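As stored in work04.txt (compact mmCIF, C-alpha atoms):
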```txt
# COMPACT_ATOMS: atom_id res chain seq x y z
CA MET A 11 29.21 -0.50 -11.10
CA TYR A 12 32.38 -2.05 -9.77
CA THR A 13 33.68 -1.99 -13.32
CA THR A 14 32.41 1.39 -14.46
CA ASP A 15 34.91 3.49 -16.33
CA LEU A 16 35.50 6.26 -13.82
CA SER A 17 38.18 8.05 -15.81
CA GLY A 18 35.56 10.06 -17.71
CA LYS A 19 38.02 10.60 -20.53
CA LYS A 20 37.95 9.04 -23.94
CA ALA A 21 40.80 6.56 -24.36
CA LYS A 22 43.50 7.66 -26.77
CA PRO A 23 42.95 6.10 -30.18
CA GLU A 24 46.68 6.08 -31.14
CA ALA A 25 47.28 2.88 -29.22
CA ALA A 26 45.07 0.88 -31.55
CA ILE A 27 46.51 2.50 -34.66
CA THR A 28 50.13 1.57 -33.91
CA GLU A 29 49.30 -2.13 -33.50
CA ASN A 30 50.17 -4.62 -36.22
CA PRO A 31 47.03 -4.49 -38.43
CA ALA A 32 47.03 -8.22 -39.27
CA LYS A 33 47.31 -9.23 -35.63
CA LEU A 34 44.72 -6.68 -34.64
CA ALA A 35 42.27 -7.97 -37.25
CA ALA A 36 42.79 -11.57 -36.12
CA PHE A 37 42.26 -10.52 -32.51
CA GLU A 38 39.09 -8.57 -33.29
CA ALA A 39 37.73 -11.54 -35.25
CA ARG A 40 38.34 -13.92 -32.34
CA VAL A 41 36.61 -11.56 -29.93
CA ALA A 42 33.70 -11.04 -32.33
CA ALA A 43 33.32 -14.84 -32.52
CA ASP A 44 32.98 -14.90 -28.71
CA GLU A 45 36.25 -16.76 -28.22
CA PHE A 46 38.14 -16.32 -24.99
CA ILE A 47 41.45 -14.46 -25.06
CA GLU A 48 43.99 -16.14 -22.75
CA PRO A 49 47.00 -14.59 -20.96
CA LYS A 50 49.62 -15.75 -23.46
CA ASP A 51 47.60 -14.72 -26.52
CA TRP A 52 48.46 -11.62 -28.48
CA MET A 53 46.29 -8.64 -27.51
CA PRO A 54 46.34 -4.93 -28.32
CA GLU A 55 47.99 -2.80 -25.64
CA ALA A 56 44.86 -0.69 -25.23
CA TYR A 57 42.85 -3.85 -24.50
CA ARG A 58 45.41 -4.97 -21.93
CA LYS A 59 45.47 -1.56 -20.26
CA THR A 60 41.71 -1.21 -20.18
CA LEU A 61 41.36 -4.66 -18.66
CA ILE A 62 44.02 -4.02 -16.02
CA ARG A 63 42.20 -0.85 -15.03
CA GLN A 64 38.79 -2.49 -15.03
CA ILE A 65 39.75 -5.72 -13.23
CA SER A 66 41.92 -4.03 -10.60
CA GLN A 67 39.23 -1.43 -9.97
CA HIS A 68 36.77 -4.27 -9.55
CA ALA A 69 39.16 -6.04 -7.12
CA HIS A 70 39.67 -2.83 -5.12
CA SER A 71 35.88 -2.43 -4.91
CA GLU A 72 35.56 -5.89 -3.37
CA ILE A 73 38.28 -5.13 -0.82
CA VAL A 74 37.05 -1.65 0.13
CA GLY A 75 33.52 -3.08 0.09
CA MET A 76 34.43 -5.12 3.16
CA LEU A 77 34.72 -1.93 5.23
CA PRO A 78 31.11 -0.67 5.36
CA GLU A 79 29.89 -4.15 6.31
CA GLY A 80 32.79 -5.09 8.56
CA ASN A 81 31.67 -2.07 10.54
CA TRP A 82 28.57 -4.03 11.67
CA ILE A 83 29.99 -7.49 12.40
CA THR A 84 30.41 -6.84 16.12
CA ARG A 85 26.96 -5.25 16.32
CA ALA A 86 24.91 -7.77 14.33
CA PRO A 87 21.60 -8.27 16.17
CA ASN A 88 22.06 -12.01 16.79
CA LEU A 89 24.44 -14.90 16.27
CA ARG A 90 22.76 -16.07 13.06
CA ARG A 91 23.09 -12.64 11.47
CA LYS A 92 26.67 -12.32 12.70
CA ALA A 93 27.74 -15.67 11.25
CA ILE A 94 26.12 -14.78 7.91
CA LEU A 95 27.71 -11.35 7.78
CA LEU A 96 31.13 -12.78 8.61
CA ALA A 97 30.76 -15.30 5.78
CA LYS A 98 29.66 -12.59 3.38
CA VAL A 99 32.55 -10.28 4.20
CA GLN A 100 34.93 -13.23 3.84
CA ASP A 101 33.44 -13.85 0.38
CA GLU A 102 34.21 -10.25 -0.59
CA ALA A 103 37.85 -10.82 0.35
CA GLY A 104 37.80 -13.96 -1.79
CA HIS A 105 36.32 -12.03 -4.72
CA GLY A 106 39.07 -9.45 -4.41
CA LEU A 107 41.67 -12.22 -4.52
CA TYR A 108 40.21 -13.98 -7.58
CA LEU A 109 40.22 -10.64 -9.38
CA TYR A 110 43.72 -9.60 -8.34
CA CYS A 111 44.91 -12.97 -9.67
CA ALA A 112 43.10 -12.38 -12.99
CA ALA A 113 44.68 -8.91 -13.28
CA GLU A 114 48.13 -10.33 -12.53
CA THR A 115 47.90 -12.54 -15.63
CA LEU A 116 47.98 -9.30 -17.65
CA GLY A 117 51.41 -8.36 -16.33
CA VAL A 118 50.62 -6.05 -13.42
CA SER A 119 51.93 -7.05 -9.98
CA ARG A 120 49.92 -7.37 -6.77
CA ASP A 121 52.22 -4.79 -5.17
CA GLU A 122 51.59 -2.26 -7.92
CA MET A 123 47.84 -2.66 -7.50
CA THR A 124 48.01 -2.41 -3.70
CA GLU A 125 50.17 0.68 -3.99
CA ALA A 126 47.68 2.30 -6.43
CA LEU A 127 44.81 1.64 -4.01
CA LEU A 128 46.63 2.95 -0.95
CA SER A 129 47.94 6.07 -2.67
CA GLY A 130 44.44 6.91 -3.88
CA LYS A 131 45.52 6.68 -7.51
CA ALA A 132 43.21 3.74 -8.24
CA LYS A 133 39.46 4.18 -8.19
CA TYR A 134 36.87 1.85 -6.73
CA SER A 135 33.08 1.85 -6.83
CA THR A 136 31.58 5.11 -5.55
CA ILE A 137 29.03 3.19 -3.48
CA PHE A 138 31.54 2.29 -0.78
CA ASN A 139 32.18 5.90 0.10
CA TYR A 140 28.78 6.13 1.76
CA PRO A 141 28.47 5.33 5.49
CA THR A 142 26.56 2.42 7.05
CA LEU A 143 24.62 4.18 9.79
CA THR A 144 22.18 1.47 10.93
CA TRP A 145 21.77 -2.30 10.80
CA ALA A 146 19.22 -1.87 8.02
CA ASP A 147 22.04 -0.54 5.85
CA ILE A 148 23.50 -4.05 5.86
CA GLY A 149 20.21 -5.30 4.45
CA ALA A 150 20.10 -2.51 1.86
CA ILE A 151 23.66 -3.20 0.74
CA GLY A 152 23.05 -6.91 0.21
CA TRP A 153 19.77 -6.35 -1.57
CA LEU A 154 20.59 -3.27 -3.66
CA VAL A 155 24.38 -3.06 -3.96
CA ASP A 156 24.96 -6.76 -4.45
CA GLY A 157 21.82 -6.90 -6.58
CA ALA A 158 23.29 -4.23 -8.85
CA ALA A 159 26.60 -6.09 -8.85
CA ILE A 160 24.89 -9.28 -10.03
CA MET A 161 23.15 -7.38 -12.82
CA ASN A 162 26.50 -6.15 -14.07
CA GLN A 163 28.49 -9.31 -13.47
CA VAL A 164 26.25 -11.98 -14.94
CA PRO A 165 26.94 -10.77 -18.51
CA LEU A 166 30.64 -10.52 -17.64
CA GLN A 167 30.78 -14.30 -17.26
CA ARG A 168 30.99 -14.17 -21.05
CA THR A 169 33.50 -11.36 -21.20
CA SER A 170 36.29 -11.87 -23.74
CA TYR A 171 39.20 -12.25 -21.33
CA GLY A 172 39.24 -15.87 -20.10
CA PRO A 173 40.65 -15.43 -16.56
CA TYR A 174 38.25 -12.53 -15.89
CA ALA A 175 35.25 -14.47 -17.20
CA ARG A 176 36.11 -17.49 -15.05
CA ALA A 177 36.55 -15.34 -11.94
CA MET A 178 33.09 -13.92 -12.68
CA VAL A 179 31.52 -17.37 -12.76
CA ARG A 180 32.68 -18.06 -9.21
CA ILE A 181 31.74 -14.59 -8.02
CA CYS A 182 28.23 -14.68 -9.46
CA LYS A 183 27.45 -17.95 -7.69
CA GLU A 184 28.40 -16.36 -4.39
CA GLU A 185 26.71 -12.99 -4.96
CA SER A 186 23.32 -14.60 -5.07
CA PHE A 187 23.66 -15.55 -1.38
CA HIS A 188 24.68 -11.95 -0.62
CA GLN A 189 21.64 -10.47 -2.28
CA ARG A 190 19.16 -12.85 -0.71
CA GLN A 191 20.52 -12.44 2.82
CA GLY A 192 20.22 -8.67 2.37
CA TYR A 193 16.64 -8.88 1.17
CA GLU A 194 15.82 -11.17 4.08
CA ILE A 195 17.12 -8.56 6.54
CA MET A 196 14.95 -5.90 4.87
CA MET A 197 11.96 -8.21 4.80
CA HIS A 198 12.20 -8.89 8.53
CA LEU A 199 12.66 -5.24 9.43
CA ALA A 200 9.82 -4.17 7.17
CA ALA A 201 7.52 -6.68 8.89
CA GLY A 202 8.72 -5.68 12.36
CA THR A 203 7.87 -2.85 14.77
CA ASP A 204 7.20 0.66 13.49
CA ALA A 205 10.72 1.66 14.45
CA GLN A 206 12.19 -1.27 12.53
CA LYS A 207 10.09 -0.49 9.49
CA ARG A 208 11.20 3.15 9.63
CA MET A 209 14.81 1.97 9.82
CA ALA A 210 14.36 -0.20 6.71
CA GLN A 211 12.69 2.65 4.80
CA ASP A 212 15.43 5.07 5.83
CA ALA A 213 18.09 2.67 4.54
CA LEU A 214 16.27 2.30 1.23
CA ASP A 215 15.94 6.10 1.01
CA ARG A 216 19.68 6.57 1.43
CA TRP A 217 20.93 3.67 -0.74
CA TRP A 218 18.52 3.81 -3.66
CA TRP A 219 20.09 6.65 -5.64
CA PRO A 220 23.73 5.73 -4.95
CA SER A 221 22.83 2.20 -6.14
CA LEU A 222 21.52 3.58 -9.45
CA MET A 223 24.76 5.58 -9.77
CA MET A 224 26.74 2.34 -9.55
CA PHE A 225 25.95 1.62 -13.20
CA GLY A 226 27.97 4.68 -14.17
CA PRO A 227 27.20 7.85 -16.12
CA PRO A 228 24.46 7.94 -18.78
CA ASP A 229 25.39 6.36 -22.09
CA ASP A 230 25.89 9.69 -23.85
CA LYS A 231 28.49 10.59 -21.20
CA SER A 232 30.30 7.26 -21.26
CA PRO A 233 32.80 7.71 -24.10
CA ASN A 234 34.49 4.31 -23.90
CA THR A 235 31.37 2.15 -23.87
CA GLU A 236 31.42 1.50 -27.60
CA GLN A 237 35.03 0.28 -27.64
CA SER A 238 34.49 -1.83 -24.52
CA MET A 239 31.39 -3.43 -25.99
CA ARG A 240 33.21 -4.23 -29.20
CA TRP A 241 35.93 -5.91 -27.16
CA ARG A 242 33.29 -7.77 -25.13
CA ILE A 243 34.72 -6.27 -21.94
CA LYS A 244 31.32 -4.80 -21.37
CA ARG A 245 28.17 -6.48 -22.64
CA ASP A 246 25.39 -4.01 -21.87
CA THR A 247 25.37 -0.22 -21.65
CA ASN A 248 25.11 1.65 -18.34
CA ASP A 249 21.57 2.84 -19.06
CA GLU A 250 20.36 -0.61 -20.14
CA LEU A 251 21.59 -2.15 -16.90
CA ARG A 252 20.18 0.69 -14.79
CA GLN A 253 16.75 0.23 -16.36
CA LYS A 254 16.89 -3.51 -15.80
CA PHE A 255 17.81 -2.94 -12.16
CA VAL A 256 14.90 -0.56 -11.56
CA ASP A 257 12.47 -2.94 -13.28
CA ILE A 258 13.50 -5.84 -11.10
CA THR A 259 13.97 -4.00 -7.80
CA ALA A 260 10.92 -1.72 -7.66
CA PRO A 261 8.44 -4.62 -7.30
CA GLN A 262 10.69 -6.21 -4.65
CA ALA A 263 10.41 -3.04 -2.56
CA GLU A 264 6.67 -2.92 -3.03
CA ALA A 265 6.30 -6.56 -2.03
CA ILE A 266 7.65 -5.86 1.45
CA GLY A 267 5.80 -2.57 1.87
CA LEU A 268 8.71 -0.19 1.34
CA SER A 269 8.57 2.71 -1.07
CA VAL A 270 11.27 3.67 -3.52
CA PRO A 271 12.27 7.31 -2.85
CA ASP A 272 11.46 8.51 -6.35
CA PRO A 273 8.14 10.33 -7.00
CA ALA A 274 8.69 9.88 -10.76
CA LEU A 275 8.83 6.09 -10.51
CA LYS A 276 5.90 4.74 -12.49
CA TRP A 277 5.19 1.65 -14.55
CA ASN A 278 5.03 2.52 -18.23
CA GLU A 279 2.68 0.11 -19.95
CA THR A 280 3.81 1.11 -23.45
CA ARG A 281 7.50 0.61 -22.79
CA GLY A 282 6.95 -2.40 -20.56
CA ALA A 283 9.34 -0.81 -18.10
CA TYR A 284 9.44 1.63 -15.21
CA ASP A 285 9.92 5.34 -15.84
CA PHE A 286 12.09 6.86 -13.15
CA GLY A 287 13.51 10.21 -12.09
CA ASP A 288 16.86 11.76 -12.93
CA VAL A 289 19.94 10.69 -11.05
CA ASP A 290 21.90 13.51 -9.42
CA TRP A 291 25.03 13.17 -11.54
CA GLU A 292 26.73 16.07 -9.76
CA GLU A 293 26.75 13.94 -6.62
CA PHE A 294 28.14 11.00 -8.57
CA TYR A 295 31.02 13.01 -10.06
CA ALA A 296 31.81 14.51 -6.66
CA VAL A 297 32.12 11.01 -5.17
CA VAL A 298 34.29 9.93 -8.12
CA ARG A 299 36.54 12.91 -7.38
CA GLY A 300 37.00 11.54 -3.87
CA GLU A 301 34.47 13.76 -2.11
CA GLY A 302 32.25 10.89 -0.90
CA PRO A 303 31.03 11.21 2.71
CA VAL A 304 33.51 8.64 4.08
CA ALA A 305 36.14 8.51 1.30
CA LYS A 306 38.93 9.60 3.63
CA GLU A 307 38.01 7.08 6.32
CA ARG A 308 37.97 4.26 3.76
CA ASN A 309 41.43 5.12 2.54
CA GLN A 310 42.79 5.56 6.04
CA ALA A 311 41.38 2.17 7.06
CA ARG A 312 43.13 0.45 4.12
CA VAL A 313 46.43 2.23 4.80
CA LYS A 314 46.23 1.39 8.50
CA ALA A 315 45.51 -2.29 7.77
CA TRP A 316 48.46 -2.44 5.38
CA GLU A 317 50.85 -0.73 7.80
CA ASN A 318 49.70 -2.72 10.82
CA GLY A 319 50.18 -5.91 8.84
CA ALA A 320 53.76 -5.09 7.84
CA TRP A 321 55.34 -6.95 10.76
CA VAL A 322 53.25 -10.05 10.01
CA ARG A 323 54.39 -10.12 6.37
CA GLU A 324 57.97 -9.56 7.45
CA ALA A 325 57.82 -12.27 10.15
CA ALA A 326 56.31 -14.78 7.69
CA ARG A 327 59.03 -14.03 5.16
CA VAL A 328 61.87 -14.38 7.68
CA HIS A 329 60.34 -17.55 9.13
CA ALA A 330 60.03 -19.13 5.68
CA GLU A 331 63.61 -18.17 4.87
CA LYS A 332 64.90 -19.59 8.14
CA ARG A 333 63.11 -22.89 7.59
CA ALA A 334 64.35 -23.12 4.01
CA ASN A 335 67.93 -22.55 5.20
CA ALA A 336 67.55 -25.15 7.96
CA LYS A 337 66.32 -27.64 5.38
CA ILE A 338 69.31 -26.98 3.13
CA ALA A 339 71.69 -27.35 6.11
CA ALA A 340 70.09 -30.70 7.03
CA GLU A 341 70.48 -32.15 3.52
CA MET B 17 48.09 -17.38 -3.96
CA HIS B 18 50.68 -15.08 -2.54
CA ALA B 19 52.34 -16.69 0.47
CA ALA B 20 55.67 -16.84 2.24
CA ASP B 21 55.77 -20.63 2.12
CA GLY B 22 53.85 -23.73 1.11
CA LYS B 23 51.99 -24.11 4.38
CA MET B 24 50.70 -20.56 4.25
CA ALA B 25 49.76 -20.99 0.58
CA LEU B 26 47.72 -24.05 1.53
CA GLU B 27 45.91 -22.15 4.28
CA HIS B 28 45.15 -19.23 1.97
CA ALA B 29 44.00 -21.59 -0.80
CA ARG B 30 41.60 -23.22 1.66
CA ASP B 31 40.08 -19.86 2.60
CA THR B 32 39.94 -18.57 -0.95
CA TYR B 33 38.87 -21.57 -3.00
CA THR B 34 36.99 -24.00 -0.77
CA ARG B 35 34.49 -21.91 1.16
CA ARG B 36 31.67 -23.95 -0.35
CA MET B 37 33.12 -27.44 -0.35
CA GLU B 38 34.44 -27.08 -3.89
CA GLY B 39 37.37 -29.40 -3.29
CA VAL B 40 38.45 -32.56 -1.54
CA SER B 41 42.16 -31.85 -1.77
CA LEU B 42 44.48 -28.90 -2.39
CA TRP B 43 47.81 -28.89 -4.20
CA VAL B 44 50.10 -25.90 -4.11
CA LEU B 45 53.38 -25.36 -5.91
CA PRO B 46 55.42 -22.29 -6.84
CA SER B 47 53.96 -20.80 -10.05
CA ALA B 48 57.46 -20.58 -11.53
CA GLN B 49 57.61 -24.38 -11.38
CA ILE B 50 54.53 -24.92 -13.56
CA ILE B 51 55.26 -26.09 -17.08
CA ALA B 52 52.18 -25.47 -19.19
CA SER B 53 51.26 -25.96 -22.83
CA ASP B 54 50.94 -22.86 -24.97
CA PRO B 55 47.31 -22.18 -26.00
CA GLY B 56 48.75 -21.41 -29.43
CA ASP B 57 49.75 -25.07 -29.73
CA ALA B 58 46.28 -26.30 -28.85
CA ALA B 59 45.49 -27.46 -32.38
CA ALA B 60 48.71 -29.44 -32.80
CA LEU B 61 48.31 -31.01 -29.37
CA PHE B 62 44.65 -31.81 -29.22
CA ALA B 63 43.25 -31.88 -32.77
CA PRO B 64 44.49 -35.44 -33.47
CA ALA B 65 41.99 -36.67 -30.85
CA GLU B 66 39.12 -35.18 -32.83
CA ASP B 67 39.18 -37.75 -35.66
CA LYS B 68 39.37 -40.72 -33.29
CA ILE B 69 35.66 -40.84 -32.80
CA TYR B 70 35.86 -44.63 -32.40
CA ARG B 71 37.09 -43.90 -28.86
CA HIS B 72 33.52 -42.96 -27.94
CA PRO B 73 30.95 -45.67 -27.15
CA THR B 74 28.33 -43.96 -29.31
CA PHE B 75 30.47 -44.75 -32.39
CA TYR B 76 29.23 -48.35 -32.27
CA LYS B 77 25.73 -49.17 -33.49
CA ILE B 78 23.98 -51.77 -31.40
CA PRO B 79 20.73 -53.23 -32.76
CA ASP B 80 17.44 -52.43 -31.02
CA GLY B 81 16.49 -55.06 -28.49
CA ILE B 82 20.01 -55.62 -27.19
CA THR B 83 20.05 -54.16 -23.67
CA HIS B 84 22.49 -53.50 -20.84
CA ILE B 85 25.34 -52.63 -23.18
```
Is it possible to express this structure as structure tokens?
Amino acid sequence: MYTTDLSGKKAKPEAAITENPAKLAAFEARVAADEFIEPKDWMPEAYRKTLIRQISQHAHSEIVGMLPEGNWITRAPNLRRKAILLAKVQDEAGHGLYLYCAAETLGVSRDEMTEALLSGKAKYSTIFNYPTLTWADIGAIGWLVDGAAIMNQVPLQRTSYGPYARAMVRICKEESFHQRQGYEIMMHLAAGTDAQKRMAQDALDRWWWPSLMMFGPPDDKSPNTEQSMRWRIKRDTNDELRQKFVDITAPQAEAIGLSVPDPALKWNETRGAYDFGDVDWEEFYAVVRGEGPVAKERNQARVKAWENGAWVREAARVHAEKRANAKIAAE
Amino acid sequence: MHAADGKMALEHARDTYTRRMEGVSLWVLPSAQIIASDPGDAAALFAPAEDKIYRHPTFYKIPDGITHI
């Protein structure tokens, strides 16, 4: 997921130990009572750091997430689809901005976060390092990727950090449009010509497994889940969310005559849930390490956008300065 | 918003916060100029309003049969 802990290492426990025990206990009690923690409130350093990492990673995912879809704006099949895709990609930019603002309240600057993204130091969701080869991929992304995002983000509307929770409320409202427009694309293709149906199936085949990987490693390989759940930074485990996603999405595929590329997928009457095959975690870890099919292109695109925009930022700054000086001179 | 000046901040605020008609007006000002209350003082500031329940119309009992009030 956009917020998955991609570090793979267990956070150092010392941080929590060196905190003032009385303050720590009061903080933990507030969080346990589902109160919101606000920017000026006391918080343990480890909580602050974890949140900065999680929120900025989430923001970066929104920003990098514009690239695979932006790729298709000029080639959308008609004006209706183009207008919708433009609006969706603009929403992603908005989501990135809400989240960068929320992270800034924790004491990290926008420049520091931008720098971490451009240098490759910061992670973002593995899903965006896969290419969008056909128009059906735009449908698959909205349906599956945004669908998975909703699954993860709805519980985060009640996350313990106030500014993050409030950003999530806005984002969730908008994600629902993203998911439905994606499903609509798939629905139309699946009901179209044989070639269109094949295109839709091919997109599902390529995006299904990477979408399941978005929820992060299995629970027994996710060392920080327990701490994050106690802090209400995370509200469900990776495996719980993955199961929920499969249960909801499999019937949606069936309803439009597409088949999920997993021979082990089967409804389990006893569990009241779908059984499904094993995710290829080697592929996931390779993408986390930066070996995704288009990881380099994504980074280059961000760096190029930043560098090409330098003169605009500089011109705006000089213009603002000049006008401010003129105003002072006139007074 | 991050912006070079007020006009740019207004334009960015429009794009970021009103894509779905959420607002009828936008105000921008430099964040350094905001003077805000400390959440830690919330009790001292707002608790006194809690015991003034007579400010709410439901505090007053009106007999059955009296309407439009």
Residues of chain B within 10 Å of chain A, counting all atoms listed in the file, as a ChimeraX atom specification: /B:17-24,28-29,31-33,35-36,54-56
Exercise: Leu96 in chain A partners within 12 Å, all atoms listed in the file, chain neighbours under 3 positions left out, as number ranges by chain: A: 76-77, 79-86, 89-93, 99-103, 148, 188
Close residues, Trp218 in chain A itself excluded, 8 Å, only C-alpha atoms, min 4 positions apart in chain, as a PyMOL selection string: chain A and resi 154+214+222+270-271
Could you write out the selected residues, including C-alpha atoms, as an mmCIF file, keeping the file's coordinate frame?
```
data_model
loop_
_atom_site.group_PDB
_atom_site.id
_atom_site.type_symbol
_atom_site.label_atom_id
_atom_site.label_comp_id
_atom_site.auth_asym_id
_atom_site.auth_seq_id
_atom_site.Cartn_x
_atom_site.Cartn_y
_atom_site.Cartn_z
ATOM 1 C CA LEU A 154 20.590 -3.270 -3.660
ATOM 2 C CA LEU A 214 16.270 2.300 1.230
ATOM 3 C CA LEU A 222 21.520 3.580 -9.450
ATOM 4 C CA VAL A 270 11.270 3.670 -3.520
ATOM 5 C CA PRO A 271 12.270 7.310 -2.850
#
```
Long-range neighbours of Ala35 in chain A as a list in words, 12 Å cut-off, all atoms listed in the file, 4 positions minimum in chain: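 Those residues are Ala26, Ile27, Glu29, Asn30, Pro31, Ala39, Arg40, Val41, Ala42, Trp52, Met53 and Pro54 of chain A.
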Counting all atoms listed in the file, the option among A:Thr142, A:Ser66, A:Thr28, A:Thr247 closest to Met161 in chain A: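 Ranking A:Thr142, A:Ser66, A:Thr28, A:Thr247 by distance to Met161 in chain A, first place goes to A:Thr247.
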For Lys244 in chain A, the nearest of the candidates A:Arg63, A:Arg168, A:Lys131, A:Lys332, counting all atoms listed in the file: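 The closest residue to Lys244 in chain A is A:Arg168.
The interatomic distance for the pair CA of Gln163 in chain A and CA of Asp44 in chain A works out to 16.8 Å.
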Shell around Phe187 in chain A at 12 Å using all atoms listed in the file, local window under 5 positions removed, as a ChimeraX atom specification: /A:94-95,97-99,101-102,152-153,156-157,160,181-182,192-194 /B:36
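Minimum distance to Phe255 in chain A across A:Ala305, A:Ala56, A:Val289, A:Val155 (counting only C-alpha atoms) occurs at A:Val155.
Note that CA of Pro46 in chain B and CA of Leu26 in chain B are 11.5 Å apart.
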Atom pair CA of Trp217 in chain A / CA of Ala150 in chain A: separation (Å): 6.8 Å
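You can rank A:Glu185, A:Glu301, A:Asp246, A:Asp285 by their closest distance to Thr136 in chain A using all atoms listed in the file, and at the top of that list sits A:Glu301.
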Nearest to Ala175 in chain A, chosen from A:Ala132, A:Leu61, A:Val297, A:Ala200, with only C-alpha atoms counted in the distances: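 Of the candidates, the smallest distance to Ala175 in chain A is held by A:Leu61.
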